[in-house]
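Here is my_file-v4.txt, consisting of compact mmCIF, C-alpha atoms:
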```
# COMPACT_ATOMS: atom_id res chain seq x y z
CA MET A 19 -15.66 -13.82 -98.28
CA PRO A 20 -12.19 -14.48 -99.64
CA PHE A 21 -10.05 -16.93 -97.75
CA VAL A 22 -7.89 -14.99 -95.33
CA ARG A 23 -4.71 -16.22 -93.75
CA ASP A 24 -4.71 -15.85 -89.99
CA HIS A 25 -1.28 -14.30 -90.04
CA SER A 26 -2.72 -11.06 -91.30
CA THR A 27 -4.46 -10.24 -88.03
CA ARG A 28 -1.35 -10.86 -85.99
CA GLU A 29 0.72 -8.72 -88.31
CA LEU A 30 -1.93 -6.08 -88.31
CA LEU A 31 -2.08 -5.89 -84.55
CA GLN A 32 1.67 -5.60 -84.40
CA GLN A 33 1.52 -2.85 -86.95
CA ASP A 34 -1.23 -1.20 -84.96
CA ALA A 35 0.89 -1.23 -81.84
CA HIS A 36 3.61 0.28 -83.92
CA LYS A 37 1.23 2.82 -85.39
CA THR A 38 0.41 4.28 -81.99
CA MET A 39 4.07 5.20 -81.76
CA ARG A 40 4.57 6.58 -85.25
CA PRO A 41 1.32 7.69 -86.86
CA GLU A 42 3.10 8.93 -89.98
CA GLU A 43 3.92 5.36 -90.94
CA VAL A 44 0.41 4.39 -91.91
CA ASP A 45 0.77 3.25 -95.48
CA LEU A 46 -1.37 1.70 -98.13
CA LYS A 47 -0.29 -1.83 -97.26
CA MET A 48 -1.57 -1.38 -93.79
CA LEU A 49 -4.87 0.02 -94.92
CA THR A 50 -5.32 -3.05 -97.10
CA LYS A 51 -4.60 -5.26 -94.14
CA ARG A 52 -7.03 -3.30 -92.03
CA HIS A 53 -9.67 -3.94 -94.64
CA ILE A 54 -9.03 -7.69 -94.52
CA PHE A 55 -9.13 -7.57 -90.75
CA MET A 56 -12.47 -5.79 -90.75
CA GLU A 57 -13.88 -8.41 -93.08
CA ALA A 58 -12.69 -11.08 -90.68
CA GLU A 59 -14.39 -9.22 -87.82
CA ALA A 60 -17.65 -8.99 -89.73
CA ALA A 61 -17.89 -12.73 -90.47
CA ALA A 62 -19.95 -14.91 -88.14
CA ALA A 63 -17.77 -16.61 -85.53
CA VAL A 64 -19.04 -19.97 -86.74
CA GLY A 65 -20.46 -19.94 -90.25
CA PRO A 66 -23.51 -21.86 -91.50
CA ARG A 67 -23.28 -25.39 -92.92
CA SER A 68 -22.12 -25.33 -96.52
CA ALA A 69 -21.20 -28.03 -99.04
CA VAL A 70 -17.59 -29.22 -99.11
CA ALA A 71 -18.06 -29.48 -102.89
CA ASP A 72 -18.29 -25.67 -102.99
CA LEU A 73 -14.54 -25.59 -102.40
CA LYS A 74 -14.13 -26.78 -105.99
CA ALA A 75 -15.20 -23.39 -107.26
CA GLN A 76 -12.75 -21.66 -104.94
CA TYR A 77 -9.84 -23.69 -106.29
CA ALA A 78 -11.02 -23.86 -109.91
CA GLU A 79 -7.74 -22.42 -111.12
CA ASN A 80 -5.51 -24.34 -108.80
CA PRO A 81 -5.05 -27.94 -110.04
CA ASP A 82 -2.99 -29.06 -107.02
CA PHE A 83 -5.71 -28.12 -104.58
CA LEU A 84 -8.53 -29.10 -106.90
CA LYS A 85 -7.35 -32.71 -107.06
CA LYS A 86 -7.31 -32.87 -103.28
CA VAL A 87 -10.72 -31.29 -102.94
CA GLY A 88 -11.95 -34.07 -105.20
CA ALA A 89 -10.65 -36.66 -102.73
CA LEU A 90 -12.07 -34.67 -99.82
CA VAL A 91 -15.58 -34.66 -101.26
CA GLU A 92 -15.51 -38.49 -101.29
CA ARG A 93 -15.42 -38.55 -97.49
CA PHE A 94 -16.75 -35.23 -96.29
CA GLU A 95 -19.98 -33.50 -97.04
CA VAL A 96 -20.40 -30.40 -94.93
CA LEU A 97 -18.11 -27.53 -93.99
CA ARG A 98 -18.50 -24.76 -91.43
CA ARG A 99 -16.17 -21.81 -91.55
CA SER A 100 -14.54 -20.55 -88.38
CA ARG A 101 -13.80 -16.81 -88.32
CA PRO A 102 -10.19 -16.35 -89.51
CA ASP A 103 -8.97 -14.23 -86.60
CA GLY A 104 -6.31 -16.51 -85.13
CA SER A 105 -8.73 -18.32 -82.82
CA CYS A 106 -10.20 -20.50 -85.57
CA PHE A 107 -8.89 -23.78 -84.14
CA TYR A 108 -10.13 -23.17 -80.60
CA ARG A 109 -13.54 -22.01 -81.80
CA ALA A 110 -14.07 -24.77 -84.37
CA TYR A 111 -13.02 -27.51 -81.95
CA LEU A 112 -15.24 -26.22 -79.12
CA PHE A 113 -18.20 -25.75 -81.42
CA GLY A 114 -17.74 -29.32 -82.68
CA ILE A 115 -17.68 -30.57 -79.09
CA PHE A 116 -20.78 -28.59 -78.09
CA GLU A 117 -22.64 -29.98 -81.09
CA GLN A 118 -21.90 -33.48 -79.87
CA LEU A 119 -22.89 -32.64 -76.28
CA ALA A 120 -26.24 -31.35 -77.51
CA GLY A 121 -27.24 -34.75 -78.82
CA ASN A 122 -25.71 -37.07 -76.27
CA LYS A 123 -26.71 -36.83 -72.61
CA GLU A 124 -24.31 -39.55 -71.49
CA LEU A 125 -21.34 -37.92 -73.18
CA ALA A 126 -22.34 -34.52 -71.79
CA THR A 127 -22.46 -35.85 -68.23
CA ALA A 128 -19.01 -37.44 -68.55
CA PHE A 129 -17.62 -34.31 -70.19
CA LEU A 130 -18.95 -31.94 -67.52
CA ALA A 131 -17.74 -34.21 -64.70
CA ARG A 132 -14.20 -34.06 -66.12
CA GLN A 133 -14.28 -30.27 -66.31
CA LYS A 134 -15.28 -29.78 -62.66
CA GLU A 135 -11.71 -29.41 -61.49
CA ALA A 136 -10.60 -27.35 -64.49
CA LEU A 137 -10.62 -23.98 -62.74
CA LYS A 138 -8.51 -25.31 -59.88
CA PHE A 139 -6.17 -26.91 -62.40
CA CYS A 140 -5.59 -23.59 -64.15
CA VAL A 141 -5.15 -21.63 -60.92
CA GLU A 142 -2.52 -24.17 -59.89
CA ALA A 143 -0.80 -23.52 -63.20
CA GLY A 144 -0.37 -19.87 -62.19
CA TYR A 145 -3.46 -18.01 -63.40
CA GLU A 146 -5.24 -15.57 -61.11
CA GLU A 147 -8.62 -17.01 -60.21
CA VAL A 148 -10.32 -13.60 -60.47
CA ALA A 149 -9.01 -13.18 -63.98
CA ILE A 150 -10.24 -16.49 -65.35
CA GLU A 151 -13.27 -17.59 -63.31
CA GLY A 152 -15.61 -15.59 -65.55
CA PHE A 153 -14.49 -17.58 -68.59
CA TYR A 154 -14.78 -20.87 -66.74
CA ASP A 155 -18.29 -20.05 -65.48
CA GLU A 156 -19.37 -19.11 -68.97
CA PHE A 157 -17.99 -22.31 -70.45
CA MET A 158 -19.61 -24.56 -67.83
CA GLU A 159 -22.91 -22.70 -67.96
CA MET A 160 -23.10 -22.97 -71.72
CA ALA A 161 -21.98 -26.62 -71.75
CA ALA A 162 -24.66 -27.45 -69.17
CA LYS A 163 -27.33 -25.64 -71.14
CA VAL A 164 -26.32 -27.32 -74.39
CA SER A 165 -26.31 -30.71 -72.65
CA GLU A 166 -30.02 -30.40 -72.00
CA GLY A 167 -30.36 -30.83 -75.74
CA VAL A 168 -30.58 -27.73 -77.91
CA SER A 169 -31.12 -27.52 -81.65
CA THR A 170 -28.24 -26.67 -83.96
CA SER A 171 -29.77 -23.29 -84.74
CA THR A 172 -30.08 -22.49 -81.02
CA LEU A 173 -26.44 -23.41 -80.52
CA GLU A 174 -25.44 -21.21 -83.46
CA ALA A 175 -27.42 -18.31 -82.02
CA MET A 176 -26.02 -18.79 -78.51
CA TRP A 177 -22.52 -18.74 -79.92
CA GLU A 178 -22.99 -15.36 -81.57
CA GLU A 179 -24.73 -13.76 -78.56
CA ASN A 180 -22.89 -11.05 -76.61
CA ASP A 181 -19.31 -11.98 -75.94
CA ASN A 182 -19.92 -15.72 -75.72
CA ASP A 183 -17.51 -16.62 -78.51
CA ARG A 184 -14.70 -14.59 -76.94
CA TYR A 185 -15.31 -16.04 -73.49
CA LEU A 186 -15.26 -19.60 -74.78
CA VAL A 187 -12.16 -19.09 -76.92
CA CYS A 188 -10.40 -17.42 -74.03
CA TRP A 189 -11.20 -20.31 -71.71
CA ALA A 190 -9.89 -22.77 -74.30
CA ARG A 191 -6.64 -20.81 -74.47
CA VAL A 192 -6.30 -20.77 -70.67
CA LEU A 193 -6.87 -24.54 -70.54
CA THR A 194 -4.30 -25.08 -73.28
CA SER A 195 -1.74 -22.89 -71.54
CA ALA A 196 -2.36 -24.49 -68.16
CA TYR A 197 -2.07 -28.00 -69.57
CA LEU A 198 1.20 -27.17 -71.36
CA LYS A 199 2.65 -25.58 -68.21
CA ARG A 200 1.68 -28.49 -66.01
CA HIS A 201 3.12 -31.02 -68.44
CA GLU A 202 6.19 -28.99 -69.22
CA GLN A 203 8.50 -32.00 -69.23
CA ASP A 204 6.42 -33.69 -71.94
CA PHE A 205 6.34 -30.66 -74.23
CA ALA A 206 9.54 -28.68 -73.67
CA SER A 207 11.59 -30.82 -76.06
CA PHE A 208 9.24 -29.92 -78.94
CA LEU A 209 9.99 -26.21 -78.70
CA THR A 210 11.96 -24.84 -81.61
CA SER A 211 12.01 -21.07 -81.31
CA HIS A 212 11.00 -20.49 -77.68
CA SER A 213 13.22 -20.82 -74.65
CA SER A 214 10.57 -22.21 -72.30
CA ILE A 215 6.98 -23.42 -72.14
CA GLN A 216 6.22 -20.31 -70.10
CA GLN A 217 7.45 -18.12 -72.93
CA PHE A 218 5.69 -20.25 -75.55
CA CYS A 219 2.37 -19.84 -73.74
CA ALA A 220 2.81 -16.08 -73.29
CA GLN A 221 3.56 -15.64 -76.99
CA GLU A 222 1.70 -18.42 -78.80
CA VAL A 223 -1.28 -19.41 -76.63
CA ASP A 224 -2.53 -16.63 -74.35
CA PRO A 225 -2.83 -13.75 -76.86
CA MET A 226 -6.21 -13.93 -78.58
CA ASP A 227 -4.91 -13.73 -82.15
CA THR A 228 -2.25 -16.43 -82.04
CA GLU A 229 -2.83 -19.54 -84.11
CA ALA A 230 -2.83 -23.06 -82.78
CA ASP A 231 -0.34 -25.64 -83.96
CA HIS A 232 0.47 -29.22 -82.92
CA LEU A 233 1.38 -28.47 -79.31
CA GLN A 234 -1.75 -26.47 -78.63
CA ILE A 235 -3.97 -29.08 -80.26
CA MET A 236 -2.26 -31.87 -78.38
CA ALA A 237 -2.68 -30.07 -75.06
CA LEU A 238 -6.29 -28.99 -75.46
CA SER A 239 -7.48 -32.31 -76.85
CA SER A 240 -5.82 -34.09 -73.92
CA PHE A 241 -7.52 -31.86 -71.42
CA LEU A 242 -10.98 -31.90 -72.98
CA ALA A 243 -10.64 -35.61 -73.81
CA VAL A 244 -12.50 -35.26 -77.09
CA PRO A 245 -10.56 -36.68 -80.06
CA VAL A 246 -9.93 -34.39 -83.00
CA THR A 247 -8.63 -35.28 -86.46
CA VAL A 248 -6.97 -32.61 -88.59
CA VAL A 249 -7.35 -33.07 -92.35
CA TYR A 250 -4.66 -31.21 -94.27
CA LEU A 251 -5.40 -29.52 -97.56
CA ASP A 252 -2.24 -28.11 -99.07
CA ARG A 253 0.03 -28.38 -102.10
CA SER A 254 1.84 -31.50 -100.97
CA GLU A 255 1.89 -34.64 -103.12
CA GLY A 256 -0.68 -37.41 -102.78
CA ALA A 257 -4.04 -37.58 -101.03
CA THR A 258 -5.04 -35.31 -98.16
CA ALA A 259 -3.12 -36.23 -95.03
CA GLU A 260 -4.98 -36.77 -91.76
CA HIS A 261 -3.61 -36.43 -88.28
CA PRO A 262 -5.68 -37.85 -85.44
CA PHE A 263 -5.21 -36.40 -81.96
CA ALA A 264 -6.66 -39.03 -79.66
CA HIS A 265 -5.56 -40.03 -76.20
CA GLU A 266 -5.95 -43.04 -73.96
CA SER A 267 -8.20 -41.03 -71.73
CA SER A 268 -10.40 -39.75 -74.55
CA LEU A 269 -14.15 -39.94 -74.04
CA PRO A 270 -15.98 -42.45 -76.21
CA CYS A 271 -17.18 -40.17 -78.99
CA THR A 272 -16.73 -39.53 -82.69
CA PRO A 273 -13.67 -37.38 -83.43
CA ILE A 274 -14.24 -33.77 -84.43
CA HIS A 275 -12.84 -33.22 -87.93
CA LEU A 276 -11.06 -29.99 -88.77
CA LEU A 277 -9.99 -29.00 -92.25
CA TYR A 278 -6.60 -27.29 -92.19
CA ARG A 279 -5.47 -25.01 -94.95
CA PRO A 280 -2.18 -23.17 -94.36
CA GLY A 281 -2.87 -20.80 -91.49
CA HIS A 282 -6.51 -21.71 -90.94
CA TYR A 283 -8.89 -24.34 -89.52
CA ASP A 284 -12.57 -24.94 -90.37
CA LEU A 285 -15.02 -27.58 -89.17
CA ILE A 286 -15.73 -30.39 -91.56
CA TYR A 287 -18.21 -33.27 -91.27
CA THR A 288 -18.00 -36.83 -92.63
CA LYS A 289 -20.77 -38.22 -94.80
CA MET B 26 -24.34 -16.07 -70.52
CA ALA B 27 -21.77 -13.34 -71.00
CA SER B 28 -23.43 -9.96 -70.84
CA GLY B 29 -22.75 -6.68 -72.61
CA SER B 30 -19.12 -5.70 -72.45
CA ALA B 31 -19.04 -2.48 -70.37
CA GLN B 32 -21.00 -4.23 -67.65
CA SER B 33 -18.78 -7.29 -67.70
CA ALA B 34 -15.73 -4.99 -67.70
CA GLU B 35 -17.04 -3.34 -64.54
CA ARG B 36 -17.63 -6.68 -62.85
CA ARG B 37 -14.19 -7.88 -63.79
CA LEU B 38 -12.51 -4.64 -62.63
CA LEU B 39 -14.20 -4.98 -59.26
CA ARG B 40 -12.81 -8.49 -58.97
CA ASP B 41 -9.34 -7.29 -59.99
CA PHE B 42 -9.53 -4.54 -57.37
CA LYS B 43 -10.72 -6.85 -54.59
CA LYS B 44 -7.93 -9.27 -55.34
CA MET B 45 -5.41 -6.43 -55.39
CA THR B 46 -6.55 -5.23 -51.97
CA ALA B 47 -6.76 -8.65 -50.37
CA ASP B 48 -3.51 -10.03 -51.70
CA ALA B 49 -1.25 -7.40 -53.25
CA PRO B 50 2.01 -8.72 -54.65
CA LYS B 51 5.20 -7.36 -53.10
CA GLY B 52 6.06 -3.83 -54.19
CA VAL B 53 3.01 -3.08 -56.31
CA SER B 54 -0.29 -1.49 -55.51
CA ALA B 55 -3.20 -0.07 -57.45
CA ALA B 56 -6.70 1.32 -56.99
CA PRO B 57 -9.39 3.12 -58.96
CA VAL B 58 -9.23 6.91 -58.85
CA GLY B 59 -12.30 8.37 -57.16
CA ASP B 60 -15.40 6.49 -58.19
CA ASP B 61 -14.36 5.77 -61.77
CA LEU B 62 -13.69 2.06 -61.93
CA PHE B 63 -11.98 2.43 -65.31
CA GLN B 64 -9.22 4.83 -64.22
CA TRP B 65 -6.65 3.45 -61.85
CA SER B 66 -3.62 4.88 -60.17
CA ALA B 67 -0.80 2.45 -59.50
CA ILE B 68 2.50 2.33 -57.69
CA VAL B 69 5.45 0.13 -58.50
CA LEU B 70 8.43 0.09 -56.15
CA GLY B 71 11.86 -0.32 -57.71
CA PRO B 72 12.89 -3.98 -57.40
CA GLU B 73 15.25 -4.66 -54.48
CA GLY B 74 18.89 -5.24 -55.28
CA THR B 75 18.70 -3.20 -58.49
CA ALA B 76 19.53 0.40 -59.39
CA TRP B 77 15.81 1.08 -59.16
CA GLU B 78 15.61 0.17 -55.44
CA GLY B 79 14.24 2.94 -53.25
CA GLY B 80 12.35 4.55 -56.11
CA VAL B 81 8.59 4.93 -56.21
CA TRP B 82 7.10 4.84 -59.71
CA LYS B 83 3.62 6.10 -60.22
CA LEU B 84 1.51 4.95 -63.15
CA ASN B 85 -1.92 5.57 -64.64
CA MET B 86 -3.98 2.67 -65.89
CA SER B 87 -6.86 3.48 -68.18
CA PHE B 88 -9.14 0.50 -68.84
CA PRO B 89 -11.23 0.39 -72.04
CA PRO B 90 -14.93 -0.58 -71.92
CA GLU B 91 -13.93 -3.81 -73.70
CA TYR B 92 -11.66 -4.88 -70.81
CA PRO B 93 -10.53 -7.64 -70.44
CA GLY B 94 -10.97 -8.15 -74.16
CA LYS B 95 -8.53 -5.30 -74.66
CA PRO B 96 -5.65 -4.27 -72.40
CA PRO B 97 -5.58 -1.02 -70.41
CA ALA B 98 -3.41 1.88 -71.54
CA VAL B 99 -0.67 2.12 -68.93
CA ARG B 100 1.60 5.11 -68.58
CA PHE B 101 4.33 6.13 -66.16
CA GLN B 102 3.59 9.40 -64.34
CA THR B 103 6.99 9.48 -62.67
CA GLU B 104 10.05 10.27 -64.78
CA VAL B 105 11.65 7.06 -66.06
CA PHE B 106 14.89 6.47 -67.97
CA HIS B 107 14.35 3.10 -69.62
CA PRO B 108 14.87 1.58 -73.09
CA ASN B 109 11.22 0.45 -73.28
CA VAL B 110 9.53 3.56 -71.93
CA PHE B 111 8.86 6.61 -74.12
CA PRO B 112 9.77 10.00 -72.65
CA ASN B 113 6.01 10.65 -72.30
CA GLY B 114 5.67 7.61 -70.05
CA GLN B 115 4.11 5.27 -72.59
CA ILE B 116 5.35 1.70 -72.12
CA CYS B 117 6.48 -0.62 -74.88
CA LEU B 118 5.54 -4.03 -73.54
CA ASP B 119 4.23 -6.91 -75.65
CA LEU B 120 1.86 -7.95 -72.88
CA LEU B 121 0.06 -4.58 -73.22
CA ALA B 122 -0.20 -4.83 -77.02
CA ALA B 123 -0.25 -7.85 -79.34
CA GLY B 124 0.64 -10.18 -76.47
CA TRP B 125 -2.40 -9.29 -74.35
CA SER B 126 -4.69 -12.04 -73.08
CA PRO B 127 -8.07 -11.52 -71.37
CA ALA B 128 -6.82 -14.00 -68.80
CA TYR B 129 -4.38 -11.40 -67.49
CA ASP B 130 -5.35 -8.92 -64.78
CA ALA B 131 -4.07 -5.73 -63.14
CA ARG B 132 -1.69 -7.73 -60.95
CA THR B 133 -0.19 -9.54 -63.94
CA ILE B 134 0.42 -6.20 -65.66
CA LEU B 135 2.07 -4.49 -62.70
CA ILE B 136 4.28 -7.47 -61.92
CA ALA B 137 5.39 -7.49 -65.58
CA ILE B 138 6.15 -3.76 -65.44
CA GLN B 139 8.10 -4.17 -62.22
CA SER B 140 10.25 -6.87 -63.77
CA LEU B 141 10.63 -4.84 -66.98
CA LEU B 142 12.18 -2.00 -64.93
CA ALA B 143 15.17 -4.06 -63.90
CA ASP B 144 15.25 -6.21 -67.01
CA PRO B 145 14.74 -4.15 -70.19
CA ASP B 146 13.99 -5.86 -73.46
CA THR B 147 16.49 -4.47 -75.94
CA HIS B 148 15.21 -6.69 -78.76
CA ALA B 149 11.58 -5.62 -78.46
CA THR B 150 12.01 -2.44 -80.44
CA PRO B 151 14.39 -3.01 -83.33
CA GLU B 152 13.34 0.23 -85.03
CA GLY B 153 14.89 2.71 -82.67
CA GLY B 154 13.14 1.78 -79.45
CA ALA B 155 10.99 3.78 -77.10
CA ASN B 156 13.94 5.68 -75.70
CA PRO B 157 17.02 5.39 -77.97
CA ASP B 158 19.23 7.33 -75.52
CA ALA B 159 18.43 4.97 -72.68
CA GLU B 160 18.81 1.97 -74.94
CA SER B 161 22.20 2.91 -76.30
CA LEU B 162 23.51 3.82 -72.85
CA PHE B 163 22.14 0.53 -71.46
CA VAL B 164 23.91 -1.41 -74.19
CA ARG B 165 27.20 0.54 -74.30
CA ASP B 166 27.76 1.65 -70.73
CA ARG B 167 25.75 -0.31 -68.17
CA GLN B 168 27.29 1.50 -65.17
CA GLY B 169 26.56 4.88 -66.71
CA TYR B 170 22.98 3.77 -67.28
CA TYR B 171 22.58 2.63 -63.68
CA ALA B 172 24.02 5.94 -62.50
CA LYS B 173 21.30 7.81 -64.39
CA VAL B 174 18.62 5.57 -62.88
CA LYS B 175 20.03 6.07 -59.39
CA ALA B 176 20.10 9.82 -59.97
CA LEU B 177 16.37 9.67 -60.74
CA VAL B 178 15.76 7.77 -57.51
CA GLU B 179 17.78 10.39 -55.60
CA LYS B 180 15.84 13.16 -57.27
CA GLN B 181 12.61 11.55 -56.12
CA LEU B 182 13.87 11.51 -52.54
CA GLU B 183 15.04 15.11 -52.66
CA GLU B 184 11.86 16.32 -54.19
CA ASP B 185 8.72 16.47 -52.18
CA ASP B 186 8.53 12.82 -51.20
CA MET B 187 5.27 13.58 -49.45
CA GLY B 188 3.88 14.54 -52.81
CA CYS B 189 5.01 11.31 -54.32
CA LEU B 190 4.02 9.00 -51.53
CA SER B 191 0.66 10.63 -50.96
CA ALA B 192 -0.21 9.13 -54.31
CA VAL B 193 0.03 5.61 -52.87
CA PRO B 194 -3.53 4.34 -53.03
```
Encoded form (structure tokens):
Amino acid sequence: MPFVRDHSTRELLQQDAHKTMRPEEVDLKMLTKRHIFMEAEAAAAVGPRSAVADLKAQYAENPDFLKKVGALVERFEVLRRSRPDGSCFYRAYLFGIFEQLAGNKELATAFLARQKEALKFCVEAGYEEVAIEGFYDEFMEMAAKVSEGVSTSTLEAMWEENDNDRYLVCWARVLTSAYLKRHEQDFASFLTSHSSIQQFCAQEVDPMDTEADHLQIMALSSFLAVPVTVVYLDRSEGATAEHPFAHESSLPCTPIHLLYRPGHYDLIYTK
Amino acid sequence: MASGSAQSAERRLLRDFKKMTADAPKGVSAAPVGDDLFQWSAIVLGPEGTAWEGGVWKLNMSFPPEYPGKPPAVRFQTEVFHPNVFPNGQICLDLLAAGWSPAYDARTILIAIQSLLADPDTHATPEGGANPDAESLFVRDRQGYYAKVKALVEKQLEEDDMGCLSAVP
């Protein structure tokens, strides 16, 4: 599948909303976007393990990227694609966490204990309990099941079952929103084009197709207490840049690594 | 684990309804029509201290089987003169389109609609808007706009208010 920028889904949805008002405005550009969107829908939420070295073929005609992929291959071996629908960060990060929980009983116990109060935390941030408890239950149920120790293929299968992926992503968004709202004073000064954290969450966190950026990653990784390191692959000069998101309260575990290419996150694993 | 979507939609709608009955926010109310959990009838009272005060606005909410993955279609049944509402009652509200989140519920929607009544978003629809007449009057002549809204409220009172109020779930 060709690499798809997340922006396309957001734009498409906006165009769709627009389309319901003026059907005559459906044009070729939109049909093309729809096609891309359908491809994104068809992809597995979390793709199978593939070799990082395979990226070389994808960037064969792009020397800037190719050089960086070369450096990447030195440190990282395996890549898993996250469906490019705007929720790629949330999904990839959670999947990475669940993989770690599956192999580490001690970590799983500490992780689950920390999440016990999560529903209350989010309700206190202004969410309706009836609207979010289903997502919380799903998250806790799946985390508990994974903690008993499941194989990678079982985890992959569980993720694709029913609406599990959507439930988990939605819960991650609620947690992110709630954390930002309850730490408004820490985050408000970082806002550039939103008037308040409330508005930022309504426009950039809650809707299912909005991408995550620094603030969202900071908030969610604080709440879940699992460190995450973002590895940037772009046209900038020099080696690939890495940005660790770790916190004093982080649980003692290996950071999840995410490969960022403009507009998209995938899971990546060190050698 | 999460089960098939229509079934989970039903479960979630029941929860939304219970919450709405037990703890309805001020000035809004909603309930399923008959025994179809996916079709709701809702009432929003005009916010106090605004031109809309005293008015009773009836809406239909039609929930898709994918709810809460997808938002309901919400439409005014009562005549509205508002920059973000089409003459056919369709509402232009980001929360019901690209801005939807499955973590929102019927209450969230109705509260947002109630606040939209008194506080139109004149930047939401740069390409003409849902109701260009209402929008241009709202922008050019605020008092004239309020007068039209108040006239609609008066009309409601004059008309068969039994008919209107009997719709309150």
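The nearest approach to Pro225 of chain A among the residues A:Ala196, A:Ala257, A:Ala243, A:Val187, with all atoms listed in the file taken into account, belongs to A:Val187.
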- Identify, on the basis of all atoms listed in the file, every residue whose closest approach to segment 30-41 of chain B does not exceed 7 Å; exclude the query and any residue fewer than 3 positions from it along the same chain; express the result as a ChimeraX atom specification. /A:148 /B:44-45,62,90-93,130-131
Contact check, chain A to chain B, at most 7 Å, counting only C-alpha atoms, closest pairs as a Markdown table:
```
| residue | atom | partner | partner_atom | distance |
| --- | --- | --- | --- | --- |
| A:Leu31 | CA | B:Ala123 | CA | 5.9 |
| A:Gln32 | CA | B:Ala123 | CA | 5.9 |
| A:Ala35 | CA | B:Ala122 | CA | 6.1 |
| A:Val148 | CA | B:Arg40 | CA | 5.9 |
| A:Ala149 | CA | B:Ala128 | CA | 5.4 |
| A:Ile150 | CA | B:Ala128 | CA | 5.5 |
| A:Glu156 | CA | B:Met26 | CA | 6.0 |
| A:Asn180 | CA | B:Ser28 | CA | 5.9 |
| A:Asp181 | CA | B:Ala27 | CA | 5.7 |
| A:Asn182 | CA | B:Ala27 | CA | 5.6 |
| A:Cys188 | CA | B:Pro127 | CA | 6.9 |
| A:Gln221 | CA | B:Gly124 | CA | 6.2 |
| A:Asp224 | CA | B:Ser126 | CA | 5.2 |
| A:Pro225 | CA | B:Ser126 | CA | 4.5 |
| A:Met226 | CA | B:Ser126 | CA | 6.0 |
```
- Show which residues sit within 10 Å of Ser54 of chain B, as JSON, numbers by chain. Count only C-alpha atoms, and ignore same-chain residues fewer than 6 positions away. {"B": [42, 45, 46, 48, 66, 67, 68, 69, 70, 83, 131, 132, 135, 136, 193, 194]}
- Query: Which residues come within 9 Å of Glu202 of chain A, counting only C-alpha atoms, excluding same-chain residues fewer than 4 positions away, as a list in words?
  - Reply: Tyr197, Leu198, Ala206, Ser207, Ser214, Ile215 and Gln216 of chain A
- Note on the structure: What separates atom CA of Asp72 of chain A and atom CA of Phe94 of chain A is a distance of 11.8 Å
